[in-house]
$ cat data.txt   # compact mmCIF, C-alpha atoms
# COMPACT_ATOMS: atom_id res chain seq x y z
CA MET W 1356 -16.44 -19.95 8.73
CA ASP W 1357 -15.54 -18.87 5.20
CA LYS W 1358 -11.79 -19.55 5.00
CA SER W 1359 -11.45 -17.38 1.90
CA ILE W 1360 -11.33 -14.28 4.15
CA PHE W 1361 -7.86 -15.33 5.36
CA LYS W 1362 -5.62 -13.77 2.70
CA SER W 1363 -1.89 -13.87 2.02
CA TYR W 1364 -1.39 -10.46 3.67
CA ASP W 1365 -4.39 -9.83 5.91
CA ILE W 1366 -7.99 -10.80 6.66
CA ARG W 1367 -10.60 -9.34 4.34
CA GLY W 1368 -14.19 -10.13 3.36
CA VAL W 1369 -17.67 -8.79 2.69
CA TYR W 1370 -19.41 -7.42 5.81
CA PRO W 1371 -21.51 -8.95 7.32
CA SER W 1372 -21.95 -12.04 5.11
CA GLN W 1373 -18.32 -13.22 5.23
CA LEU W 1374 -16.88 -11.18 8.09
CA ASN W 1375 -19.24 -10.44 10.98
CA ASP W 1376 -19.32 -9.84 14.72
CA GLU W 1377 -19.16 -13.54 15.66
CA ILE W 1378 -16.17 -14.16 13.39
CA ALA W 1379 -14.42 -11.00 14.65
CA PHE W 1380 -14.77 -12.32 18.22
CA LYS W 1381 -13.18 -15.64 17.21
CA ILE W 1382 -10.38 -13.87 15.35
CA GLY W 1383 -9.67 -11.80 18.48
CA GLN W 1384 -9.32 -14.97 20.54
CA ALA W 1385 -7.23 -16.67 17.87
CA PHE W 1386 -4.91 -13.65 17.56
CA VAL W 1387 -4.06 -13.66 21.27
CA ASN W 1388 -3.46 -17.40 21.36
CA TYR W 1389 -1.36 -17.34 18.18
CA THR W 1390 0.82 -14.41 19.28
CA ASN W 1391 0.83 -14.86 23.12
CA VAL W 1392 0.71 -11.09 23.59
CA LYS W 1393 -0.69 -9.21 26.59
CA ASN W 1394 -1.25 -5.76 25.05
CA VAL W 1395 -2.74 -4.90 21.63
CA VAL W 1396 -3.28 -1.49 19.99
CA ILE W 1397 -6.43 -1.36 17.83
CA GLY W 1398 -7.50 1.29 15.32
CA ARG W 1399 -10.34 1.37 12.81
CA ASP W 1400 -11.26 3.19 9.63
CA GLY W 1401 -14.55 4.85 8.70
CA ARG W 1402 -16.18 1.84 7.03
CA ILE W 1403 -19.75 1.01 7.98
CA GLY W 1404 -18.90 -2.25 9.72
CA SER W 1405 -15.73 -1.11 11.49
CA PRO W 1406 -17.26 0.07 14.83
CA ALA W 1407 -19.16 -3.20 15.31
CA LEU W 1408 -16.16 -5.29 14.28
CA PHE W 1409 -14.03 -3.35 16.74
CA ASN W 1410 -16.39 -4.12 19.63
CA SER W 1411 -16.48 -7.83 18.82
CA LEU W 1412 -12.74 -8.09 18.19
CA MET W 1413 -12.08 -6.29 21.48
CA LYS W 1414 -14.33 -8.74 23.38
CA GLY W 1415 -12.53 -11.70 21.84
CA ILE W 1416 -9.12 -10.28 22.76
CA THR W 1417 -10.00 -9.30 26.34
CA SER W 1418 -11.68 -12.70 26.93
CA GLN W 1419 -8.19 -14.19 26.66
CA GLY W 1420 -6.74 -11.88 29.33
CA CYS W 1421 -5.13 -9.46 26.86
CA ASN W 1422 -5.43 -5.66 27.22
CA VAL W 1423 -6.74 -3.49 24.39
CA PHE W 1424 -5.54 0.07 23.75
CA SER W 1425 -8.04 1.77 21.46
CA ILE W 1426 -6.91 4.62 19.23
CA GLY W 1427 -10.32 4.99 17.58
CA GLU W 1428 -10.77 6.18 14.00
CA THR W 1429 -7.33 6.42 12.41
CA PRO W 1430 -5.32 5.76 9.25
CA THR W 1431 -3.56 2.39 9.23
CA GLU W 1432 -0.20 4.02 9.79
CA GLY W 1433 -1.52 5.53 13.04
CA MET W 1434 -1.73 2.01 14.44
CA TYR W 1435 1.76 1.20 13.12
CA PHE W 1436 3.17 4.35 14.73
CA VAL W 1437 1.70 3.78 18.19
CA ALA W 1438 2.65 0.10 18.33
CA ALA W 1439 6.23 0.72 17.21
CA LYS W 1440 6.93 4.03 18.95
CA TYR W 1441 5.55 3.10 22.34
CA ASP W 1442 6.65 -0.49 22.52
CA TYR W 1443 3.32 -2.29 22.41
CA GLU W 1444 3.51 -5.98 21.61
CA ALA W 1445 1.03 -6.02 18.74
CA GLY W 1446 -1.44 -4.00 16.70
CA ILE W 1447 -4.58 -4.55 14.65
CA MET W 1448 -6.17 -2.15 12.17
CA ILE W 1449 -9.79 -2.71 11.15
CA THR W 1450 -9.92 -1.78 7.47
CA ALA W 1451 -10.38 -3.11 3.96
CA SER W 1452 -8.01 -0.47 2.60
CA HIS W 1453 -8.95 0.34 -1.03
CA ASN W 1454 -11.66 -2.34 -1.42
CA PRO W 1455 -15.28 -1.38 -2.28
CA LYS W 1456 -17.59 -0.26 0.53
CA GLU W 1457 -19.08 -3.71 1.24
CA TYR W 1458 -15.71 -5.04 2.44
CA ASP W 1459 -13.95 -4.85 5.79
CA GLY W 1460 -11.01 -6.62 7.37
CA PHE W 1461 -8.00 -6.72 9.70
CA LYS W 1462 -4.33 -5.82 9.23
CA MET W 1463 -2.19 -7.27 12.02
CA ILE W 1464 1.36 -6.86 13.36
CA ARG W 1465 3.41 -8.11 16.31
CA LYS W 1466 6.83 -7.32 17.72
CA LYS W 1467 9.63 -9.85 17.29
CA PRO W 1468 12.43 -10.43 19.84
CA ASP W 1469 14.70 -8.04 17.86
CA ASN W 1470 12.10 -5.27 18.43
CA ILE W 1471 11.24 -5.14 14.73
CA PHE W 1472 7.57 -5.65 13.91
CA GLU W 1473 6.41 -8.37 11.58
CA VAL W 1474 3.13 -8.59 9.67
CA ILE W 1475 0.81 -11.41 10.74
CA ARG W 1476 -0.57 -12.79 7.49
CA GLY W 1477 -4.24 -13.69 7.36
CA ASN W 1478 -3.64 -17.33 6.52
CA ASP W 1479 -1.49 -17.66 9.67
CA LEU W 1480 -4.71 -17.42 11.71
CA ALA W 1481 -7.00 -19.55 9.54
CA ASP W 1482 -6.67 -22.75 11.59
CA ALA W 1483 -6.63 -21.05 15.00
CA ALA W 1484 -9.84 -19.13 14.24
CA ASP W 1485 -11.78 -22.41 14.09
CA LYS W 1486 -10.74 -23.51 17.58
CA VAL W 1487 -12.75 -23.06 20.79
CA PHE W 1488 -10.78 -21.15 23.42
CA LYS W 1489 -11.41 -21.15 27.14
CA GLU W 1490 -12.01 -17.73 28.71
CA ALA W 1491 -9.26 -16.32 30.95
CA SER W 1492 -9.89 -16.13 34.68
CA VAL W 1493 -9.19 -12.39 34.52
CA PHE W 1494 -10.30 -10.47 31.43
CA GLY W 1495 -8.11 -7.83 29.83
CA GLU W 1496 -8.82 -4.12 30.19
CA VAL W 1497 -9.74 -1.57 27.52
CA LYS W 1498 -8.12 1.88 27.50
CA ASP W 1499 -8.38 4.80 25.07
CA LEU W 1500 -5.29 6.52 23.65
CA ASN W 1501 -4.97 9.94 22.01
CA ILE W 1502 -2.32 9.52 19.32
CA TRP W 1503 -2.69 12.79 17.45
CA PRO W 1504 -0.10 15.21 18.95
CA ASP W 1505 2.69 12.62 18.84
CA PHE W 1506 1.69 11.15 15.49
CA THR W 1507 1.54 14.48 13.65
CA GLU W 1508 4.80 15.61 15.25
CA HIS W 1509 6.44 12.38 14.05
CA LEU W 1510 5.29 12.95 10.46
CA LEU W 1511 6.35 16.59 10.34
CA SER W 1512 9.75 15.81 11.87
CA LEU W 1513 10.68 13.53 8.96
CA ALA W 1514 10.23 16.17 6.25
CA SER W 1515 11.90 19.58 5.75
CA ILE W 1516 8.80 21.73 6.14
CA GLU W 1517 10.80 24.96 5.93
CA LYS W 1518 11.95 24.06 2.39
CA ILE W 1519 8.46 23.54 0.91
CA ASN W 1520 7.30 26.06 -1.69
CA PRO W 1521 3.91 27.81 -1.35
CA PHE W 1522 2.11 25.47 -3.73
CA LYS W 1523 -1.57 25.40 -4.50
CA ILE W 1524 -2.61 21.75 -4.33
CA VAL W 1525 -5.76 19.65 -4.47
CA ILE W 1526 -6.06 16.71 -2.06
CA ASP W 1527 -8.72 14.03 -2.53
CA ALA W 1528 -9.26 12.13 0.73
CA SER W 1529 -11.64 9.66 -0.98
CA ASN W 1530 -14.03 10.00 2.00
CA GLY W 1531 -11.42 8.10 4.01
CA MET W 1532 -8.82 8.54 6.69
CA ALA W 1533 -6.79 11.27 4.99
CA ALA W 1534 -9.65 13.53 5.99
CA LYS W 1535 -8.76 12.87 9.62
CA VAL W 1536 -5.07 13.76 9.35
CA ILE W 1537 -4.62 16.49 6.71
CA PRO W 1538 -6.61 19.09 8.72
CA LEU W 1539 -4.31 18.43 11.71
CA ILE W 1540 -1.10 19.22 9.78
CA GLN W 1541 -2.13 21.69 7.07
CA ASP W 1542 -1.58 24.78 9.24
CA LYS W 1543 2.05 23.73 9.62
CA LEU W 1544 2.52 23.58 5.83
CA PRO W 1545 3.21 26.62 3.60
CA VAL W 1546 0.77 25.40 0.97
CA GLU W 1547 -2.83 26.15 -0.02
CA ILE W 1548 -4.86 22.94 0.17
CA ILE W 1549 -8.09 22.60 -1.79
CA PRO W 1550 -9.91 19.67 -0.13
CA LEU W 1551 -11.99 17.10 -2.01
CA ASN W 1552 -14.18 14.47 -0.30
CA PHE W 1553 -13.06 15.31 3.22
CA ASN W 1554 -16.18 13.96 4.92
CA ILE W 1555 -15.44 10.49 6.29
CA ASP W 1556 -18.16 8.22 4.94
CA GLY W 1557 -18.05 4.43 4.70
CA ASN W 1558 -20.41 4.53 1.73
CA PHE W 1559 -17.67 6.32 -0.27
CA PRO W 1560 -20.22 8.48 -2.11
CA ALA W 1561 -17.72 10.34 -4.32
CA HIS W 1562 -15.97 7.30 -5.78
CA GLN W 1563 -14.48 3.97 -4.74
CA PRO W 1564 -11.51 4.39 -2.37
CA ASN W 1565 -9.11 2.97 -4.96
CA PRO W 1566 -7.09 5.68 -6.76
CA LEU W 1567 -6.04 3.25 -9.49
CA LEU W 1568 -9.58 3.15 -10.90
CA LYS W 1569 -10.06 5.69 -13.69
CA GLU W 1570 -13.40 6.85 -12.32
CA SER W 1571 -11.75 7.65 -8.98
CA THR W 1572 -9.59 10.39 -10.51
CA ILE W 1573 -12.30 12.21 -12.50
CA GLY W 1574 -13.03 14.63 -9.65
CA ILE W 1575 -9.45 15.54 -8.81
CA LYS W 1576 -8.53 15.95 -12.47
CA LYS W 1577 -11.39 18.40 -12.97
CA LYS W 1578 -10.56 20.32 -9.78
CA ILE W 1579 -6.86 20.69 -10.56
CA VAL W 1580 -7.63 22.14 -13.99
CA GLU W 1581 -10.43 24.40 -12.66
CA GLU W 1582 -8.30 25.80 -9.83
CA LYS W 1583 -5.11 25.99 -11.92
CA ALA W 1584 -3.44 24.06 -9.10
CA ASP W 1585 0.24 23.12 -9.21
CA PHE W 1586 -0.60 19.43 -8.69
CA GLY W 1587 -2.72 17.14 -6.53
CA LEU W 1588 -2.66 14.03 -4.38
CA ILE W 1589 -5.24 11.30 -3.94
CA PHE W 1590 -5.32 8.85 -1.01
CA ASP W 1591 -7.02 5.48 -0.69
CA GLY W 1592 -9.53 4.54 2.04
CA ASP W 1593 -7.15 3.92 4.96
CA ALA W 1594 -4.61 6.45 3.61
CA ASP W 1595 -1.64 4.09 3.44
CA ARG W 1596 -1.47 4.62 -0.34
CA VAL W 1597 -1.09 7.95 -2.10
CA PHE W 1598 -0.67 9.05 -5.73
CA LEU W 1599 0.65 12.23 -7.24
CA VAL W 1600 -1.55 13.87 -9.88
CA ASP W 1601 0.19 16.34 -12.19
CA GLU W 1602 -0.90 19.87 -13.15
CA LYS W 1603 -2.83 18.44 -16.13
CA GLY W 1604 -4.81 16.09 -13.88
CA GLU W 1605 -2.92 12.95 -14.96
CA LEU W 1606 -2.13 10.29 -12.35
CA ILE W 1607 1.60 9.64 -11.94
CA ARG W 1608 2.34 5.92 -11.77
CA GLY W 1609 3.53 4.67 -8.40
CA ASP W 1610 6.79 3.30 -9.78
CA ILE W 1611 7.68 6.65 -11.34
CA SER W 1612 6.99 8.38 -8.01
CA LEU W 1613 9.29 5.81 -6.40
CA ILE W 1614 12.12 7.10 -8.60
CA PHE W 1615 11.38 10.60 -7.21
CA LEU W 1616 11.75 9.20 -3.68
CA ALA W 1617 14.88 7.21 -4.59
CA LYS W 1618 16.62 10.34 -5.89
CA TYR W 1619 15.66 12.30 -2.77
CA PHE W 1620 16.95 9.68 -0.32
CA LEU W 1621 20.05 8.75 -2.31
CA ASN W 1622 21.08 12.40 -2.27
CA LYS W 1623 21.11 12.03 1.52
CA TYR W 1624 22.37 8.47 1.89
CA SER W 1625 24.52 7.12 -0.94
CA ASN W 1626 24.89 3.44 -1.82
CA LYS W 1627 21.72 2.41 0.02
CA ALA W 1628 19.13 -0.17 -1.02
CA ILE W 1629 15.80 0.79 -2.61
CA ALA W 1630 13.21 -2.00 -2.90
CA TYR W 1631 10.76 -2.20 -5.81
CA ASN W 1632 8.44 -4.94 -7.01
CA LEU W 1633 8.88 -6.96 -10.18
CA ILE W 1634 6.04 -5.35 -12.13
CA CYS W 1635 7.60 -1.88 -11.87
CA SER W 1636 9.11 -0.42 -15.03
CA LYS W 1637 12.69 -1.52 -15.64
CA ALA W 1638 13.42 2.21 -15.57
CA VAL W 1639 13.22 1.90 -11.76
CA PRO W 1640 16.33 -0.26 -11.21
CA GLU W 1641 18.15 1.51 -14.05
CA PHE W 1642 17.70 4.96 -12.49
CA ILE W 1643 18.38 3.69 -8.95
CA LYS W 1644 21.78 2.43 -10.18
CA LYS W 1645 22.50 5.72 -11.98
CA MET W 1646 21.67 7.58 -8.75
CA GLY W 1647 24.14 5.51 -6.77
CA GLY W 1648 21.68 3.16 -5.09
CA ILE W 1649 21.22 -0.59 -4.87
CA PRO W 1650 17.96 -1.80 -6.48
CA ILE W 1651 16.29 -4.72 -4.67
CA ARG W 1652 13.64 -6.64 -6.62
CA SER W 1653 10.70 -8.04 -4.67
CA LYS W 1654 7.47 -9.97 -5.08
CA VAL W 1655 4.33 -7.87 -5.48
CA GLY W 1656 2.72 -6.71 -2.23
CA ALA W 1657 3.54 -4.10 0.42
CA VAL W 1658 4.29 -6.85 2.96
CA ASN W 1659 6.91 -8.38 0.65
CA LEU W 1660 8.47 -5.00 -0.09
CA ARG W 1661 8.75 -4.21 3.61
CA GLU W 1662 10.51 -7.53 4.18
CA ALA W 1663 12.91 -6.78 1.31
CA LEU W 1664 13.63 -3.38 2.86
CA LEU W 1665 14.38 -4.94 6.25
CA GLU W 1666 16.54 -7.75 4.87
CA ASN W 1667 18.70 -5.33 2.86
CA ASN W 1668 18.88 -2.43 5.31
CA GLY W 1669 17.15 -0.28 2.70
CA ILE W 1670 15.87 3.27 3.06
CA VAL W 1671 12.66 3.29 1.02
CA SER W 1672 10.49 0.88 -0.97
CA GLY W 1673 7.58 1.36 -3.32
CA GLU W 1674 5.34 -0.17 -5.93
CA ILE W 1675 2.86 0.74 -8.65
CA SER W 1676 -0.05 0.51 -6.18
CA GLY W 1677 1.18 3.62 -4.32
CA HIS W 1678 2.54 1.94 -1.17
CA TYR W 1679 5.79 3.47 0.09
CA SER W 1680 7.65 2.15 3.16
CA PHE W 1681 10.38 4.11 4.93
CA LYS W 1682 13.22 3.02 7.20
CA ASP W 1683 12.63 6.19 9.25
CA ASN W 1684 9.00 5.11 9.79
CA PHE W 1685 9.81 1.80 11.50
CA TYR W 1686 9.98 0.26 7.99
CA PHE W 1687 6.20 0.69 7.64
CA ASP W 1688 4.34 2.26 4.74
CA SER W 1689 3.05 5.80 5.12
CA GLY W 1690 0.88 7.75 2.72
CA PHE W 1691 1.34 10.94 4.75
CA LEU W 1692 5.11 10.76 4.93
CA ALA W 1693 5.20 10.14 1.17
CA PHE W 1694 2.94 13.19 0.70
CA LEU W 1695 5.24 15.45 2.76
CA ILE W 1696 8.41 14.24 1.05
CA PHE W 1697 6.79 14.71 -2.37
CA LEU W 1698 6.27 18.36 -1.36
CA ASN W 1699 10.01 18.59 -0.63
CA ILE W 1700 10.98 16.85 -3.87
CA ILE W 1701 8.78 19.05 -6.07
CA SER W 1702 10.02 22.17 -4.24
CA GLU W 1703 13.61 21.25 -5.12
CA SER W 1704 12.80 21.04 -8.84
CA ASP W 1705 12.29 23.88 -11.29
CA LYS W 1706 10.06 21.64 -13.43
CA LYS W 1707 6.35 20.95 -13.40
CA VAL W 1708 5.29 17.54 -12.06
CA SER W 1709 4.43 16.28 -15.55
CA GLU W 1710 7.92 17.23 -16.76
CA MET W 1711 9.55 15.54 -13.76
CA ALA W 1712 7.66 12.33 -14.47
CA LYS W 1713 8.36 12.39 -18.20
CA GLU W 1714 12.10 12.27 -17.52
CA TYR W 1715 11.70 8.74 -16.12
CA MET W 1716 8.95 7.41 -18.40
CA ILE W 1717 11.36 6.01 -20.98
CA TYR W 1718 9.44 2.80 -21.72
CA GLU W 1719 5.82 1.91 -22.51
CA ILE W 1720 4.27 -0.22 -19.78
CA SER W 1721 0.77 -1.65 -19.54
CA ALA W 1722 -1.55 -1.49 -16.58
CA GLU W 1723 -2.09 -4.95 -15.11
CA VAL W 1724 -4.54 -6.93 -17.26
CA ASN W 1725 -6.61 -9.56 -15.42
CA PHE W 1726 -7.72 -12.84 -16.96
CA GLU W 1727 -10.17 -15.30 -15.39
CA VAL W 1728 -8.47 -18.67 -15.63
CA LYS W 1729 -9.53 -22.03 -14.16
CA ASP W 1730 -6.16 -23.79 -14.42
CA LYS W 1731 -3.59 -21.10 -13.66
CA GLU W 1732 -0.62 -23.49 -13.53
CA LYS W 1733 -1.42 -24.87 -16.99
CA VAL W 1734 -1.39 -21.39 -18.53
CA LEU W 1735 1.83 -20.46 -16.73
CA ASP W 1736 3.44 -23.61 -18.09
CA LYS W 1737 2.31 -22.70 -21.63
CA ALA W 1738 3.90 -19.27 -21.27
CA LYS W 1739 7.11 -20.82 -19.95
CA LYS W 1740 7.40 -23.12 -22.99
CA LYS W 1741 6.41 -20.54 -25.62
CA TYR W 1742 8.90 -17.93 -24.37
CA ILE W 1743 11.71 -20.36 -23.53
CA LYS W 1744 14.30 -18.25 -25.41
CA GLY W 1745 13.82 -15.31 -23.05
CA LYS W 1746 15.51 -14.86 -19.67
CA GLN W 1747 13.06 -16.44 -17.21
CA ASP W 1748 12.61 -16.21 -13.47
CA PHE W 1749 9.87 -17.38 -11.11
CA LEU W 1750 10.04 -15.01 -8.14
CA ASP W 1751 6.33 -14.21 -8.51
CA GLY W 1752 4.59 -16.12 -11.29
CA ILE W 1753 6.78 -16.07 -14.40
CA THR W 1754 8.81 -13.13 -15.68
CA VAL W 1755 10.38 -13.37 -19.14
CA GLU W 1756 12.81 -10.73 -20.36
CA TYR W 1757 14.02 -10.05 -23.89
CA LYS W 1758 16.33 -7.31 -25.16
CA ASP W 1759 13.55 -4.82 -25.96
CA TRP W 1760 10.54 -6.06 -23.95
CA TRP W 1761 9.49 -8.17 -20.96
CA PHE W 1762 6.36 -9.50 -19.32
CA ASN W 1763 5.22 -10.87 -15.98
CA LEU W 1764 2.30 -13.27 -15.61
CA ARG W 1765 1.39 -14.02 -12.01
CA PRO W 1766 -1.50 -15.72 -10.24
CA SER W 1767 -3.73 -13.77 -7.87
CA ASN W 1768 -3.46 -14.96 -4.28
CA THR W 1769 -7.18 -14.45 -3.69
CA GLU W 1770 -9.07 -14.90 -6.97
CA PRO W 1771 -9.10 -17.27 -10.00
CA LEU W 1772 -7.14 -14.68 -11.97
CA LEU W 1773 -3.87 -14.35 -13.81
CA ARG W 1774 -2.44 -10.83 -13.88
CA LEU W 1775 -0.38 -9.72 -16.87
CA THR W 1776 2.07 -6.82 -17.05
CA VAL W 1777 4.00 -6.02 -20.25
CA GLU W 1778 6.64 -3.39 -20.96
CA ALA W 1779 8.27 -2.53 -24.29
CA LYS W 1780 10.32 0.19 -25.97
CA ASN W 1781 7.37 1.72 -27.78
CA LYS W 1782 3.56 1.60 -27.91
CA LYS W 1783 3.36 -0.42 -31.12
CA SER W 1784 5.56 -3.17 -29.70
CA LEU W 1785 3.63 -3.10 -26.42
CA GLU W 1786 0.26 -3.60 -28.13
CA LYS W 1787 1.66 -6.45 -30.23
CA ARG W 1788 2.99 -8.31 -27.17
CA ILE W 1789 -0.20 -7.80 -25.14
CA SER W 1790 -2.23 -9.19 -28.05
CA GLU W 1791 -0.11 -12.33 -28.47
CA LEU W 1792 -0.01 -13.02 -24.73
CA SER W 1793 -3.76 -12.49 -24.42
CA LYS W 1794 -4.36 -15.13 -27.10
CA LEU W 1795 -2.07 -17.56 -25.29
CA ILE W 1796 -3.80 -17.00 -21.94
CA LYS W 1797 -7.35 -17.26 -23.34
$ encode --input "data.txt" --output "structure tokens"
Amino acid sequence: MDKSIFKSYDIRGVYPSQLNDEIAFKIGQAFVNYTNVKNVVIGRDGRIGSPALFNSLMKGITSQGCNVFSIGETPTEGMYFVAAKYDYEAGIMITASHNPKEYDGFKMIRKKPDNIFEVIRGNDLADAADKVFKEASVFGEVKDLNIWPDFTEHLLSLASIEKINPFKIVIDASNGMAAKVIPLIQDKLPVEIIPLNFNIDGNFPAHQPNPLLKESTIGIKKKIVEEKADFGLIFDGDADRVFLVDEKGELIRGDISLIFLAKYFLNKYSNKAIAYNLICSKAVPEFIKKMGGIPIRSKVGAVNLREALLENNGIVSGEISGHYSFKDNFYFDSGFLAFLIFLNIISESDKKVSEMAKEYMIYEISAEVNFEVKDKEKVLDKAKKKYIKGKQDFLDGITVEYKDWWFNLRPSNTEPLLRLTVEAKNKKSLEKRISELSKLIK
């Protein structure tokens, strides 16, 4: 078995060369024996390998005497909702999220004694998946669940639908799971929705299901301008990430959208914690403080942000990648709840989305730059020594902060890469710092 599929947050690999039916069966057995649960909710996305992986995973789970409750094709947050709302012990979502079409994988959760769910990280199961498990004397059962009435009611109950303006918006479902949910709630919304790529297709014919790729936003940008829409939204493959796109067709960074959410929630609940990750603009903690909130800095990754939210009794968390977790959503991330609350936020403003974003874009920040590096620790040590006069911390890689600029250099958990983020007061300074750091890394 290729152990590289067991990641820091989940299990993910190329189907069927790395992750196939036989391995899915073993993972199902390993999951039950690792968690000791008797009931598991399972959902799957529209990827080509997901139905077969579901069948094999289900057989592995039931062979250990554990029951499976199938919710069929669903966004990831559908699995989170059912497991948390209806007191199931665990849940598994078959998805590779925003990865290219050849990938598939598993996101896994289980309930702790305090009734809060924790994420089972992929590398937690790596050793157990190699073991041979004896079949139970009585196999578990498989039952189908219809989540849709309760799930859509839950989403709509957490936003103020009556306060939404009659916008004209473009939504790009990226041939993924947003296409399953938006049609179920759009009649309840006072907006005109222009759909893009609403046919669920695991080949992702329109573009890769990753909104952060420039080529992924070409279609929505064109459609917004053509239709003279007020703004747009683009989801990733399993719809747990969502991005705002302004009236000019420009993608709004996830950390800027987090400031929108922070303002909205802090108007309701003062002096509450908002979690953000360490590669967000420093505008994020600055504005959270100005708005009366408590900024909580976290490692990169939705799992880490959720943990930061839980530990600090926070109300919302977010990151540049477009993941937003909400206390009111069992502390899980939700692309659809973010979408509905964005509608409320924009309705409350008399500005266009581009003007709203500009208010918070007070620094110049780079997109993450990736460098292939054989000896990651050696390069990190070089950076530590060269920038010794800056304020340094090592929460996730190395972050060095100066008066008018900062950078973070962190190792990828899954690839031989170092990822660089730089922020400065102006574009000229930003380009200078990226250039000098690139030379050091190379």
$ residues_around --input "data.txt" --residues "Leu1511 in chain W" --least-positions-apart "4" --cutoff "12 Å" --atoms "only C-alpha atoms" --output "VMD selection string"
chain W and resid 1504 to 1507 1515 to 1517 1519 1536 to 1537 1539 to 1544 1684 1691 to 1696 1698 to 1699
$ residues_around --input "data.txt" --residues "range 1575-1581 of chain W" --least-positions-apart "3" --cutoff "10 Å" --atoms "only C-alpha atoms" --output "list in words"
Lys1523, Ile1524, Val1525, Ile1526, Asp1527, Ile1549, Pro1550, Leu1551, Asn1552, Ser1571, Thr1572, Ala1584, Asp1585, Phe1586, Gly1587, Leu1588, Ile1589, Val1600, Asp1601, Glu1602, Lys1603, Gly1604, Glu1605 and Leu1606 of chain W
$ closest_residue --input "data.txt" --among "W:Leu1621, W:Ala1438, W:Ile1449, W:Ile1426" --to "Gly1368 in chain W" --atoms "all atoms listed in the file"
W:Ile1449
$ atom_distance --input "data.txt" --atom1 "CA of Glu1432 in chain W" --atom2 "CA of Ser1653 in chain W"
21.8 Å
$ closest_residue --input "data.txt" --among "W:Asn1768, W:Ser1612, W:Thr1431, W:Thr1450" --to "Ile1701 in chain W" --atoms "all atoms listed in the file"
W:Ser1612
$ residues_near_point --input "data.txt" --point "(9.6, -15.2, -11.4)" --cutoff "12 Å" --atoms "all atoms listed in the file" --output "PyMOL selection string"
chain W and resi 1632-1634+1652-1655+1735+1739+1746-1756+1761-1766
$ residues_around --input "data.txt" --residues "Pro1521 in chain W" --least-positions-apart "6" --cutoff "9 Å" --atoms "only C-alpha atoms" --output "MDAnalysis selection string"
chainID W and resid 1544:1547 1702
$ closest_residue --input "data.txt" --among "W:Arg1608, W:Ile1717, W:Asp1482, W:Leu1599" --to "Phe1642 in chain W" --atoms "only C-alpha atoms"
W:Ile1717
$ residues_around --input "data.txt" --residues "Asp1357 in chain W" --least-positions-apart "2" --cutoff "10 Å" --atoms "all atoms listed in the file" --output "MDAnalysis selection string"
chainID W and resid 1359:1361 1368 1372:1374 1378 1481
$ residues_near_point --input "data.txt" --point "(-20.5, -8.8, 4.3)" --cutoff "10 Å" --atoms "all atoms listed in the file" --output "VMD selection string"
chain W and resid 1367 to 1375 1404 1456 to 1459
$ residues_around --input "data.txt" --residues "Cys1421 in chain W" --least-positions-apart "6" --cutoff "6 Å" --atoms "all atoms listed in the file" --output "NGL selection string"
:W and (1393-1394 or 1495)
$ atom_distance --input "data.txt" --atom1 "CA of Ser1784 in chain W" --atom2 "CA of Leu1613 in chain W"
25.2 Å
$ atom_distance --input "data.txt" --atom1 "CA of Met1413 in chain W" --atom2 "CA of Ala1491 in chain W"
14.1 Å
$ closest_residue --input "data.txt" --among "W:Ser1704, W:Asn1501, W:Ser1721, W:Ser1411" --to "Val1437 in chain W" --atoms "all atoms listed in the file"
W:Asn1501
$ closest_residue --input "data.txt" --among "W:Lys1358, W:His1453, W:Lys1797, W:Lys1780" --to "Val1734 in chain W" --atoms "all atoms listed in the file"
W:Lys1797
$ closest_residue --input "data.txt" --among "W:Gly1531, W:Pro1560, W:Gly1477, W:Gly1647" --to "Tyr1624 in chain W" --atoms "all atoms listed in the file"
W:Gly1647
